[in-house]
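Have a look at target.csv; it's CSV, N, CA, C and O atoms:
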```csv
chain,number,residue,atom,x,y,z
R,733,MET,N,8.2,-11.5,-7.2
R,733,MET,CA,7.1,-11.9,-6.4
R,733,MET,C,5.8,-11.5,-7.2
R,733,MET,O,5.8,-10.5,-7.8
R,734,GLU,N,4.8,-12.3,-7.1
R,734,GLU,CA,3.6,-12.1,-7.7
R,734,GLU,C,2.6,-11.4,-6.7
R,734,GLU,O,2.6,-11.7,-5.5
R,735,TYR,N,1.9,-10.4,-7.2
R,735,TYR,CA,0.9,-9.7,-6.4
R,735,TYR,C,-0.5,-10.2,-6.7
R,735,TYR,O,-0.9,-10.4,-7.8
R,736,ASP,N,-1.2,-10.5,-5.6
R,736,ASP,CA,-2.5,-11.1,-5.8
R,736,ASP,C,-3.6,-10.1,-6.3
R,736,ASP,O,-3.3,-8.9,-6.2
R,737,ASN,N,-4.7,-10.6,-6.8
R,737,ASN,CA,-5.7,-9.7,-7.3
R,737,ASN,C,-6.3,-8.7,-6.3
R,737,ASN,O,-6.8,-7.7,-6.6
R,738,ALA,N,-6.3,-9.1,-5.0
R,738,ALA,CA,-6.8,-8.2,-4.0
R,738,ALA,C,-6.1,-6.9,-3.9
R,738,ALA,O,-6.7,-5.9,-3.8
R,739,VAL,N,-4.7,-7.0,-4.0
R,739,VAL,CA,-3.9,-5.8,-4.0
R,739,VAL,C,-4.2,-5.0,-5.2
R,739,VAL,O,-4.3,-3.7,-5.1
R,740,LYS,N,-4.2,-5.6,-6.4
R,740,LYS,CA,-4.5,-4.9,-7.6
R,740,LYS,C,-5.8,-4.2,-7.6
R,740,LYS,O,-6.0,-3.1,-8.0
R,741,ASN,N,-6.8,-4.9,-7.0
R,741,ASN,CA,-8.2,-4.3,-6.9
R,741,ASN,C,-8.2,-3.1,-6.0
R,741,ASN,O,-8.9,-2.1,-6.2
R,742,ARG,N,-7.4,-3.2,-4.9
R,742,ARG,CA,-7.3,-2.0,-4.0
R,742,ARG,C,-6.8,-0.8,-4.8
R,742,ARG,O,-7.3,0.3,-4.6
R,743,LEU,N,-5.7,-1.1,-5.6
R,743,LEU,CA,-5.2,0.1,-6.3
R,743,LEU,C,-6.1,0.6,-7.4
R,743,LEU,O,-6.2,1.8,-7.6
R,744,LYS,N,-6.9,-0.3,-8.0
R,744,LYS,CA,-7.9,0.2,-8.9
R,744,LYS,C,-9.0,1.0,-8.3
R,744,LYS,O,-9.4,2.0,-8.8
R,745,ARG,N,-9.4,0.7,-7.0
R,745,ARG,CA,-10.3,1.5,-6.3
R,745,ARG,C,-9.7,2.8,-5.9
R,745,ARG,O,-10.4,3.9,-6.1
R,746,ILE,N,-8.5,2.8,-5.5
R,746,ILE,CA,-7.8,4.1,-5.2
R,746,ILE,C,-7.7,5.0,-6.5
R,746,ILE,O,-8.0,6.2,-6.4
R,747,GLU,N,-7.4,4.4,-7.6
R,747,GLU,CA,-7.4,5.1,-8.9
R,747,GLU,C,-8.7,5.7,-9.2
R,747,GLU,O,-8.8,6.9,-9.6
R,748,GLY,N,-9.8,5.0,-8.9
R,748,GLY,CA,-11.2,5.5,-9.1
R,748,GLY,C,-11.4,6.7,-8.1
R,748,GLY,O,-12.1,7.7,-8.5
R,749,GLN,N,-11.0,6.6,-6.9
R,749,GLN,CA,-11.2,7.6,-5.9
R,749,GLN,C,-10.4,8.9,-6.4
R,749,GLN,O,-11.0,10.0,-6.2
R,750,ILE,N,-9.2,8.7,-6.9
R,750,ILE,CA,-8.5,9.9,-7.4
R,750,ILE,C,-9.2,10.6,-8.5
R,750,ILE,O,-9.3,11.8,-8.6
R,751,ARG,N,-9.7,9.8,-9.5
R,751,ARG,CA,-10.5,10.4,-10.6
R,751,ARG,C,-11.7,11.1,-10.0
R,751,ARG,O,-12.1,12.2,-10.5
R,752,GLY,N,-12.3,10.5,-9.0
R,752,GLY,CA,-13.5,11.2,-8.4
R,752,GLY,C,-13.1,12.5,-7.8
R,752,GLY,O,-13.9,13.5,-7.9
R,753,VAL,N,-12.0,12.6,-7.1
R,753,VAL,CA,-11.5,13.9,-6.5
R,753,VAL,C,-11.2,14.9,-7.6
R,753,VAL,O,-11.6,16.1,-7.5
R,754,LEU,N,-10.6,14.5,-8.7
R,754,LEU,CA,-10.4,15.4,-9.8
R,754,LEU,C,-11.7,15.9,-10.3
R,754,LEU,O,-11.8,17.1,-10.6
R,755,GLY,N,-12.7,15.1,-10.4
R,755,GLY,CA,-14.0,15.5,-10.9
R,755,GLY,C,-14.6,16.5,-9.9
R,755,GLY,O,-15.2,17.5,-10.3
R,756,MET,N,-14.4,16.2,-8.6
R,756,MET,CA,-15.0,17.2,-7.6
R,756,MET,C,-14.3,18.5,-7.7
R,756,MET,O,-15.0,19.6,-7.6
R,757,MET,N,-13.0,18.5,-8.0
R,757,MET,CA,-12.3,19.8,-8.1
R,757,MET,C,-12.7,20.6,-9.4
R,757,MET,O,-12.9,21.8,-9.3
R,758,GLU,N,-12.9,19.8,-10.4
R,758,GLU,CA,-13.4,20.5,-11.7
R,758,GLU,C,-14.8,21.0,-11.5
R,758,GLU,O,-15.2,22.1,-12.1
R,759,GLU,N,-15.6,20.4,-10.6
R,759,GLU,CA,-17.0,20.9,-10.4
R,759,GLU,C,-17.0,22.0,-9.3
R,759,GLU,O,-18.0,22.6,-9.0
R,760,GLY,N,-15.8,22.3,-8.7
R,760,GLY,CA,-15.7,23.3,-7.7
R,760,GLY,C,-16.3,23.0,-6.4
R,760,GLY,O,-16.8,23.8,-5.6
R,761,LYS,N,-16.3,21.7,-6.0
R,761,LYS,CA,-16.9,21.2,-4.7
R,761,LYS,C,-16.1,21.9,-3.6
R,761,LYS,O,-15.0,22.3,-3.7
R,762,ASP,N,-16.7,21.8,-2.4
R,762,ASP,CA,-16.2,22.4,-1.2
R,762,ASP,C,-14.9,21.7,-0.8
R,762,ASP,O,-14.8,20.5,-0.9
R,763,CYS,N,-13.9,22.5,-0.4
R,763,CYS,CA,-12.6,21.9,0.0
R,763,CYS,C,-12.7,20.9,1.1
R,763,CYS,O,-11.9,19.9,1.1
R,764,ARG,N,-13.7,21.0,2.0
R,764,ARG,CA,-13.8,20.0,3.1
R,764,ARG,C,-14.1,18.7,2.5
R,764,ARG,O,-13.6,17.6,3.0
R,765,ASP,N,-15.0,18.6,1.5
R,765,ASP,CA,-15.3,17.4,0.9
R,765,ASP,C,-14.1,16.8,0.2
R,765,ASP,O,-13.9,15.5,0.2
R,766,ILE,N,-13.4,17.6,-0.5
R,766,ILE,CA,-12.2,17.1,-1.2
R,766,ILE,C,-11.2,16.6,-0.2
R,766,ILE,O,-10.6,15.5,-0.4
R,767,ILE,N,-10.9,17.3,0.9
R,767,ILE,CA,-10.0,16.8,1.9
R,767,ILE,C,-10.4,15.5,2.5
R,767,ILE,O,-9.6,14.6,2.7
R,768,THR,N,-11.7,15.4,2.7
R,768,THR,CA,-12.2,14.1,3.3
R,768,THR,C,-11.9,13.0,2.3
R,768,THR,O,-11.4,11.9,2.8
R,769,GLN,N,-12.1,13.2,1.0
R,769,GLN,CA,-11.8,12.1,0.1
R,769,GLN,C,-10.3,11.9,-0.1
R,769,GLN,O,-9.9,10.7,-0.2
R,770,LEU,N,-9.5,12.9,0.0
R,770,LEU,CA,-8.1,12.8,-0.1
R,770,LEU,C,-7.5,12.0,1.2
R,770,LEU,O,-6.6,11.2,1.1
R,771,SER,N,-8.1,12.3,2.3
R,771,SER,CA,-7.8,11.5,3.5
R,771,SER,C,-8.1,10.0,3.4
R,771,SER,O,-7.3,9.2,3.8
R,772,ALA,N,-9.3,9.8,2.8
R,772,ALA,CA,-9.6,8.4,2.6
R,772,ALA,C,-8.7,7.7,1.6
R,772,ALA,O,-8.3,6.5,1.8
R,773,ILE,N,-8.2,8.4,0.6
R,773,ILE,CA,-7.3,7.9,-0.4
R,773,ILE,C,-5.9,7.6,0.3
R,773,ILE,O,-5.3,6.5,0.2
R,774,ARG,N,-5.5,8.5,1.2
R,774,ARG,CA,-4.2,8.3,1.9
R,774,ARG,C,-4.3,7.1,2.8
R,774,ARG,O,-3.4,6.3,2.8
R,775,THR,N,-5.4,6.9,3.5
R,775,THR,CA,-5.6,5.7,4.3
R,775,THR,C,-5.6,4.5,3.5
R,775,THR,O,-5.0,3.5,3.9
R,776,ALA,N,-6.3,4.5,2.3
R,776,ALA,CA,-6.3,3.3,1.5
R,776,ALA,C,-4.9,3.0,1.0
R,776,ALA,O,-4.5,1.8,0.9
R,777,VAL,N,-4.1,4.0,0.6
R,777,VAL,CA,-2.7,3.8,0.1
R,777,VAL,C,-1.9,3.2,1.3
R,777,VAL,O,-1.1,2.2,1.1
R,778,ASP,N,-2.0,3.8,2.5
R,778,ASP,CA,-1.3,3.3,3.6
R,778,ASP,C,-1.6,1.8,3.9
R,778,ASP,O,-0.7,1.0,4.2
R,779,ARG,N,-2.8,1.4,3.8
R,779,ARG,CA,-3.2,0.0,4.1
R,779,ARG,C,-2.7,-0.9,3.0
R,779,ARG,O,-2.3,-2.0,3.2
R,780,THR,N,-2.7,-0.4,1.8
R,780,THR,CA,-2.1,-1.2,0.6
R,780,THR,C,-0.6,-1.4,0.8
R,780,THR,O,-0.1,-2.5,0.6
R,781,ILE,N,0.1,-0.3,1.2
R,781,ILE,CA,1.5,-0.5,1.5
R,781,ILE,C,1.7,-1.5,2.6
R,781,ILE,O,2.6,-2.4,2.4
R,782,GLY,N,1.0,-1.5,3.6
R,782,GLY,CA,1.1,-2.5,4.7
R,782,GLY,C,0.8,-3.9,4.2
R,782,GLY,O,1.5,-4.9,4.5
R,783,THR,N,-0.2,-4.1,3.3
R,783,THR,CA,-0.5,-5.4,2.7
R,783,THR,C,0.7,-5.9,1.9
R,783,THR,O,1.0,-7.0,2.0
R,784,VAL,N,1.2,-5.0,1.0
R,784,VAL,CA,2.3,-5.4,0.1
R,784,VAL,C,3.5,-5.8,0.9
R,784,VAL,O,4.2,-6.8,0.7
R,785,ILE,N,3.9,-5.0,1.9
R,785,ILE,CA,5.1,-5.2,2.7
R,785,ILE,C,4.9,-6.5,3.5
R,785,ILE,O,5.8,-7.4,3.6
R,786,GLY,N,3.7,-6.7,4.1
R,786,GLY,CA,3.4,-7.9,4.9
R,786,GLY,C,3.5,-9.2,4.0
R,786,GLY,O,4.1,-10.2,4.4
R,787,ALA,N,2.9,-9.2,2.8
R,787,ALA,CA,3.0,-10.3,2.0
R,787,ALA,C,4.4,-10.6,1.5
R,787,ALA,O,4.9,-11.8,1.5
R,788,ASN,N,5.1,-9.5,1.2
R,788,ASN,CA,6.5,-9.7,0.8
R,788,ASN,C,7.4,-10.2,1.9
R,788,ASN,O,8.2,-11.1,1.7
R,789,LEU,N,7.1,-9.7,3.1
R,789,LEU,CA,7.9,-10.1,4.3
R,789,LEU,C,7.7,-11.6,4.5
R,789,LEU,O,8.7,-12.3,4.7
R,790,GLU,N,6.5,-12.0,4.5
R,790,GLU,CA,6.2,-13.4,4.7
R,790,GLU,C,6.9,-14.3,3.7
R,790,GLU,O,7.5,-15.3,4.0
R,791,HIS,N,6.8,-13.9,2.4
R,791,HIS,CA,7.4,-14.6,1.3
R,791,HIS,C,9.0,-14.7,1.5
R,791,HIS,O,9.6,-15.8,1.4
R,792,CYS,N,9.6,-13.6,1.8
R,792,CYS,CA,11.0,-13.5,2.0
R,792,CYS,C,11.5,-14.3,3.2
R,792,CYS,O,12.6,-14.9,3.1
R,793,ILE,N,10.8,-14.2,4.3
R,793,ILE,CA,11.2,-15.0,5.5
R,793,ILE,C,11.2,-16.5,5.2
R,793,ILE,O,12.1,-17.2,5.5
R,794,ARG,N,10.1,-16.9,4.6
R,794,ARG,CA,10.0,-18.4,4.2
R,794,ARG,C,11.2,-18.8,3.3
R,794,ARG,O,11.8,-19.8,3.5
R,795,GLU,N,11.5,-17.9,2.3
R,795,GLU,CA,12.6,-18.2,1.4
R,795,GLU,C,13.9,-18.3,2.2
R,795,GLU,O,14.7,-19.2,1.9
R,796,GLU,N,14.2,-17.4,3.1
R,796,GLU,CA,15.4,-17.4,3.9
R,796,GLU,C,15.5,-18.6,4.8
R,796,GLU,O,16.6,-19.2,4.9
R,797,LEU,N,14.4,-19.0,5.4
R,797,LEU,CA,14.4,-20.1,6.3
R,797,LEU,C,14.6,-21.4,5.5
R,797,LEU,O,15.4,-22.3,5.9
R,798,GLU,N,14.1,-21.5,4.3
R,798,GLU,CA,14.3,-22.6,3.4
R,798,GLU,C,15.8,-22.8,3.0
R,798,GLU,O,16.3,-23.9,2.8
R,799,LYS,N,16.4,-21.6,2.9
R,799,LYS,CA,17.9,-21.6,2.5
R,799,LYS,C,18.7,-21.9,3.8
R,799,LYS,O,20.0,-22.0,3.6
R,800,GLY,N,18.1,-21.9,4.9
R,800,GLY,CA,18.9,-22.1,6.2
R,800,GLY,C,19.5,-20.9,6.7
R,800,GLY,O,20.3,-20.9,7.6
R,801,ASN,N,19.0,-19.7,6.2
R,801,ASN,CA,19.5,-18.4,6.6
R,801,ASN,C,18.6,-17.8,7.7
R,801,ASN,O,17.5,-18.1,7.8
R,802,SER,N,19.2,-16.8,8.4
R,802,SER,CA,18.4,-16.1,9.3
R,802,SER,C,17.6,-15.0,8.6
R,802,SER,O,18.1,-14.3,7.7
R,803,PRO,N,16.3,-14.8,9.0
R,803,PRO,CA,15.5,-13.8,8.3
R,803,PRO,C,15.7,-12.4,8.8
R,803,PRO,O,15.0,-11.5,8.4
R,804,ASP,N,16.7,-12.2,9.7
R,804,ASP,CA,16.9,-10.9,10.3
R,804,ASP,C,17.0,-9.7,9.3
R,804,ASP,O,16.4,-8.7,9.5
R,805,GLN,N,17.8,-9.9,8.3
R,805,GLN,CA,18.0,-8.8,7.3
R,805,GLN,C,16.7,-8.5,6.6
R,805,GLN,O,16.4,-7.3,6.4
R,806,VAL,N,16.0,-9.5,6.2
R,806,VAL,CA,14.7,-9.3,5.5
R,806,VAL,C,13.7,-8.5,6.4
R,806,VAL,O,13.1,-7.6,6.0
R,807,ILE,N,13.7,-8.8,7.7
R,807,ILE,CA,12.8,-8.2,8.6
R,807,ILE,C,13.3,-6.7,8.8
R,807,ILE,O,12.4,-5.8,8.8
R,808,GLN,N,14.6,-6.4,8.9
R,808,GLN,CA,15.1,-5.1,9.0
R,808,GLN,C,14.7,-4.3,7.7
R,808,GLN,O,14.3,-3.1,7.8
R,809,GLU,N,14.8,-4.9,6.5
R,809,GLU,CA,14.4,-4.2,5.3
R,809,GLU,C,12.9,-3.8,5.3
R,809,GLU,O,12.6,-2.8,4.8
R,810,ALA,N,12.1,-4.8,5.8
R,810,ALA,CA,10.7,-4.5,5.8
R,810,ALA,C,10.4,-3.4,6.8
R,810,ALA,O,9.5,-2.5,6.4
R,811,VAL,N,11.0,-3.3,7.9
R,811,VAL,CA,10.8,-2.2,8.8
R,811,VAL,C,11.2,-0.9,8.2
R,811,VAL,O,10.5,0.1,8.3
R,812,GLN,N,12.4,-0.9,7.5
R,812,GLN,CA,12.8,0.3,6.8
R,812,GLN,C,11.8,0.8,5.8
R,812,GLN,O,11.6,2.0,5.6
R,813,LEU,N,11.2,-0.2,5.1
R,813,LEU,CA,10.2,0.2,4.1
R,813,LEU,C,9.0,0.8,4.7
R,813,LEU,O,8.4,1.8,4.2
R,814,LEU,N,8.6,0.3,5.9
R,814,LEU,CA,7.4,0.8,6.6
R,814,LEU,C,7.7,2.3,7.1
R,814,LEU,O,6.9,3.2,6.9
R,815,VAL,N,8.9,2.4,7.6
R,815,VAL,CA,9.3,3.8,8.1
R,815,VAL,C,9.4,4.8,6.9
R,815,VAL,O,8.9,5.9,7.0
R,816,LYS,N,10.0,4.3,5.8
R,816,LYS,CA,10.1,5.2,4.7
R,816,LYS,C,8.7,5.6,4.1
R,816,LYS,O,8.6,6.7,3.6
R,817,SER,N,7.8,4.7,4.2
R,817,SER,CA,6.4,5.0,3.7
R,817,SER,C,5.7,6.0,4.5
R,817,SER,O,4.6,6.5,4.1
R,818,ARG,N,6.2,6.4,5.6
R,818,ARG,CA,5.5,7.4,6.4
R,818,ARG,C,5.9,8.7,6.1
R,818,ARG,O,6.6,9.4,6.0
```

So, in terms of structure tokens, how does the structure I just supplied come out?
Amino acid sequence: MEYDNAVKNRLKRIEGQIRGVLGMMEEGKDCRDIITQLSAIRTAVDRTIGTVIGANLEHCIREELEKGNSPDQVIQEAVQLLVKSR
């Protein structure tokens, strides 16, 4: 499966946020500010996980339907991935 540029851009923003937090730590910034940024990173990662799973699920369901198969297994795998990501 190919991943679109939007997902890659999300990850690049997250990468920048992580570098920013490392810089904050090196500068000795207040832990509350660091935790705020880490929480924002976690939220961004969670949303990216949802986006990747959603896109993959849509792709896989269409593939199974084209083959004449039931998409139930694919849906179960997507749910397991979501649960595992928590």

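By chain and then residue number, the residues within 8 Å of range 786-792 of chain R are Met733, Glu734, Arg779, Thr780, Ile781, Leu797, Glu798, Lys799, Asn801, Ser802, Pro803, Val806, Ile807 and Ala810 of chain R, counting only N, CA, C and O atoms and disregarding those fewer than 5 positions away in sequence.
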
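Reported to one decimal place, the separation of atom C of Gln769 in chain R from atom N of Lys816 in chain R is 22.5 Å.
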
Requested in this report: Once DSSP has gone over the backbone, tell me which residues of chain R are in alpha helix (DSSP H), as a count of residues only.
Outcome: 71

Query - Counting all atoms listed in the file, the residue of R:Thr775, R:Gln812, R:Thr768, R:Thr783 that sits nearest Val739 in chain R - result: R:Thr783

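Proximity ranking of R:Ser817, R:Glu758, R:Val811, R:Val784 relative to Asp736 in chain R places R:Val784 first, based on only C-alpha atoms.
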
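Taking atom N of Ile766 in chain R and atom C of Leu743 in chain R as the two end points, the separation is 19.7 Å.
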
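For the atom pair formed by atom O of Leu814 in chain R and atom O of Ile746 in chain R, the distance is 20.2 Å, given to one decimal.
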
Export N, CA and C atoms of range 765-795 of chain R from the structure just given, as a PDB file, in the first residue's frame?
```pdb
ATOM      1  N   ASP R 765       5.788  22.568  30.630  1.00  0.00           N
ATOM      2  CA  ASP R 765       5.820  22.898  29.204  1.00  0.00           C
ATOM      3  C   ASP R 765       6.219  21.678  28.366  1.00  0.00           C
ATOM      4  N   ILE R 766       7.142  20.907  28.887  1.00  0.00           N
ATOM      5  CA  ILE R 766       7.594  19.706  28.178  1.00  0.00           C
ATOM      6  C   ILE R 766       6.467  18.681  28.112  1.00  0.00           C
ATOM      7  N   ILE R 767       5.771  18.493  29.220  1.00  0.00           N
ATOM      8  CA  ILE R 767       4.652  17.545  29.245  1.00  0.00           C
ATOM      9  C   ILE R 767       3.551  17.997  28.293  1.00  0.00           C
ATOM     10  N   THR R 768       3.293  19.277  28.229  1.00  0.00           N
ATOM     11  CA  THR R 768       2.288  19.796  27.291  1.00  0.00           C
ATOM     12  C   THR R 768       2.663  19.431  25.859  1.00  0.00           C
ATOM     13  N   GLN R 769       3.918  19.613  25.521  1.00  0.00           N
ATOM     14  CA  GLN R 769       4.381  19.285  24.167  1.00  0.00           C
ATOM     15  C   GLN R 769       4.355  17.777  23.918  1.00  0.00           C
ATOM     16  N   LEU R 770       4.745  16.986  24.904  1.00  0.00           N
ATOM     17  CA  LEU R 770       4.703  15.533  24.751  1.00  0.00           C
ATOM     18  C   LEU R 770       3.265  15.036  24.574  1.00  0.00           C
ATOM     19  N   SER R 771       2.334  15.652  25.275  1.00  0.00           N
ATOM     20  CA  SER R 771       0.919  15.294  25.115  1.00  0.00           C
ATOM     21  C   SER R 771       0.434  15.621  23.709  1.00  0.00           C
ATOM     22  N   ALA R 772       0.879  16.749  23.180  1.00  0.00           N
ATOM     23  CA  ALA R 772       0.513  17.123  21.815  1.00  0.00           C
ATOM     24  C   ALA R 772       1.091  16.124  20.813  1.00  0.00           C
ATOM     25  N   ILE R 773       2.309  15.669  21.069  1.00  0.00           N
ATOM     26  CA  ILE R 773       2.937  14.675  20.198  1.00  0.00           C
ATOM     27  C   ILE R 773       2.152  13.368  20.247  1.00  0.00           C
ATOM     28  N   ARG R 774       1.783  12.946  21.450  1.00  0.00           N
ATOM     29  CA  ARG R 774       1.021  11.704  21.585  1.00  0.00           C
ATOM     30  C   ARG R 774      -0.301  11.794  20.831  1.00  0.00           C
ATOM     31  N   THR R 775      -0.980  12.917  20.945  1.00  0.00           N
ATOM     32  CA  THR R 775      -2.238  13.114  20.229  1.00  0.00           C
ATOM     33  C   THR R 775      -2.012  13.053  18.723  1.00  0.00           C
ATOM     34  N   ALA R 776      -0.956  13.691  18.253  1.00  0.00           N
ATOM     35  CA  ALA R 776      -0.647  13.682  16.821  1.00  0.00           C
ATOM     36  C   ALA R 776      -0.340  12.267  16.334  1.00  0.00           C
ATOM     37  N   VAL R 777       0.395  11.498  17.136  1.00  0.00           N
ATOM     38  CA  VAL R 777       0.707  10.115  16.765  1.00  0.00           C
ATOM     39  C   VAL R 777      -0.574   9.286  16.736  1.00  0.00           C
ATOM     40  N   ASP R 778      -1.429   9.447  17.735  1.00  0.00           N
ATOM     41  CA  ASP R 778      -2.694   8.701  17.777  1.00  0.00           C
ATOM     42  C   ASP R 778      -3.546   9.006  16.546  1.00  0.00           C
ATOM     43  N   ARG R 779      -3.616  10.263  16.164  1.00  0.00           N
ATOM     44  CA  ARG R 779      -4.404  10.629  14.984  1.00  0.00           C
ATOM     45  C   ARG R 779      -3.793  10.063  13.710  1.00  0.00           C
ATOM     46  N   THR R 780      -2.484  10.022  13.658  1.00  0.00           N
ATOM     47  CA  THR R 780      -1.814   9.460  12.491  1.00  0.00           C
ATOM     48  C   THR R 780      -2.069   7.959  12.402  1.00  0.00           C
ATOM     49  N   ILE R 781      -2.034   7.285  13.538  1.00  0.00           N
ATOM     50  CA  ILE R 781      -2.353   5.852  13.570  1.00  0.00           C
ATOM     51  C   ILE R 781      -3.760   5.635  13.021  1.00  0.00           C
ATOM     52  N   GLY R 782      -4.702   6.425  13.471  1.00  0.00           N
ATOM     53  CA  GLY R 782      -6.080   6.303  12.996  1.00  0.00           C
ATOM     54  C   GLY R 782      -6.195   6.537  11.499  1.00  0.00           C
ATOM     55  N   THR R 783      -5.465   7.512  11.009  1.00  0.00           N
ATOM     56  CA  THR R 783      -5.481   7.808   9.580  1.00  0.00           C
ATOM     57  C   THR R 783      -4.909   6.644   8.765  1.00  0.00           C
ATOM     58  N   VAL R 784      -3.783   6.103   9.218  1.00  0.00           N
ATOM     59  CA  VAL R 784      -3.153   4.988   8.503  1.00  0.00           C
ATOM     60  C   VAL R 784      -4.058   3.758   8.530  1.00  0.00           C
ATOM     61  N   ILE R 785      -4.607   3.433   9.690  1.00  0.00           N
ATOM     62  CA  ILE R 785      -5.479   2.259   9.792  1.00  0.00           C
ATOM     63  C   ILE R 785      -6.740   2.461   8.947  1.00  0.00           C
ATOM     64  N   GLY R 786      -7.307   3.657   8.991  1.00  0.00           N
ATOM     65  CA  GLY R 786      -8.509   3.929   8.205  1.00  0.00           C
ATOM     66  C   GLY R 786      -8.277   3.788   6.718  1.00  0.00           C
ATOM     67  N   ALA R 787      -7.189   4.351   6.237  1.00  0.00           N
ATOM     68  CA  ALA R 787      -6.876   4.266   4.806  1.00  0.00           C
ATOM     69  C   ALA R 787      -6.606   2.822   4.402  1.00  0.00           C
ATOM     70  N   ASN R 788      -5.863   2.114   5.242  1.00  0.00           N
ATOM     71  CA  ASN R 788      -5.554   0.721   4.955  1.00  0.00           C
ATOM     72  C   ASN R 788      -6.825  -0.132   4.976  1.00  0.00           C
ATOM     73  N   LEU R 789      -7.692   0.133   5.939  1.00  0.00           N
ATOM     74  CA  LEU R 789      -8.935  -0.625   6.051  1.00  0.00           C
ATOM     75  C   LEU R 789      -9.784  -0.430   4.800  1.00  0.00           C
ATOM     76  N   GLU R 790      -9.920   0.802   4.377  1.00  0.00           N
ATOM     77  CA  GLU R 790     -10.708   1.082   3.175  1.00  0.00           C
ATOM     78  C   GLU R 790     -10.131   0.338   1.969  1.00  0.00           C
ATOM     79  N   HIS R 791      -8.824   0.420   1.811  1.00  0.00           N
ATOM     80  CA  HIS R 791      -8.137  -0.251   0.696  1.00  0.00           C
ATOM     81  C   HIS R 791      -8.364  -1.768   0.746  1.00  0.00           C
ATOM     82  N   CYS R 792      -8.193  -2.349   1.911  1.00  0.00           N
ATOM     83  CA  CYS R 792      -8.300  -3.803   2.056  1.00  0.00           C
ATOM     84  C   CYS R 792      -9.739  -4.297   1.884  1.00  0.00           C
ATOM     85  N   ILE R 793     -10.700  -3.526   2.367  1.00  0.00           N
ATOM     86  CA  ILE R 793     -12.101  -3.913   2.204  1.00  0.00           C
ATOM     87  C   ILE R 793     -12.463  -3.924   0.723  1.00  0.00           C
ATOM     88  N   ARG R 794     -12.068  -2.890   0.011  1.00  0.00           N
ATOM     89  CA  ARG R 794     -12.349  -2.844  -1.429  1.00  0.00           C
ATOM     90  C   ARG R 794     -11.709  -4.030  -2.144  1.00  0.00           C
ATOM     91  N   GLU R 795     -10.484  -4.339  -1.760  1.00  0.00           N
ATOM     92  CA  GLU R 795      -9.768  -5.469  -2.358  1.00  0.00           C
ATOM     93  C   GLU R 795     -10.515  -6.782  -2.121  1.00  0.00           C
TER      94      GLU R 795
END
```
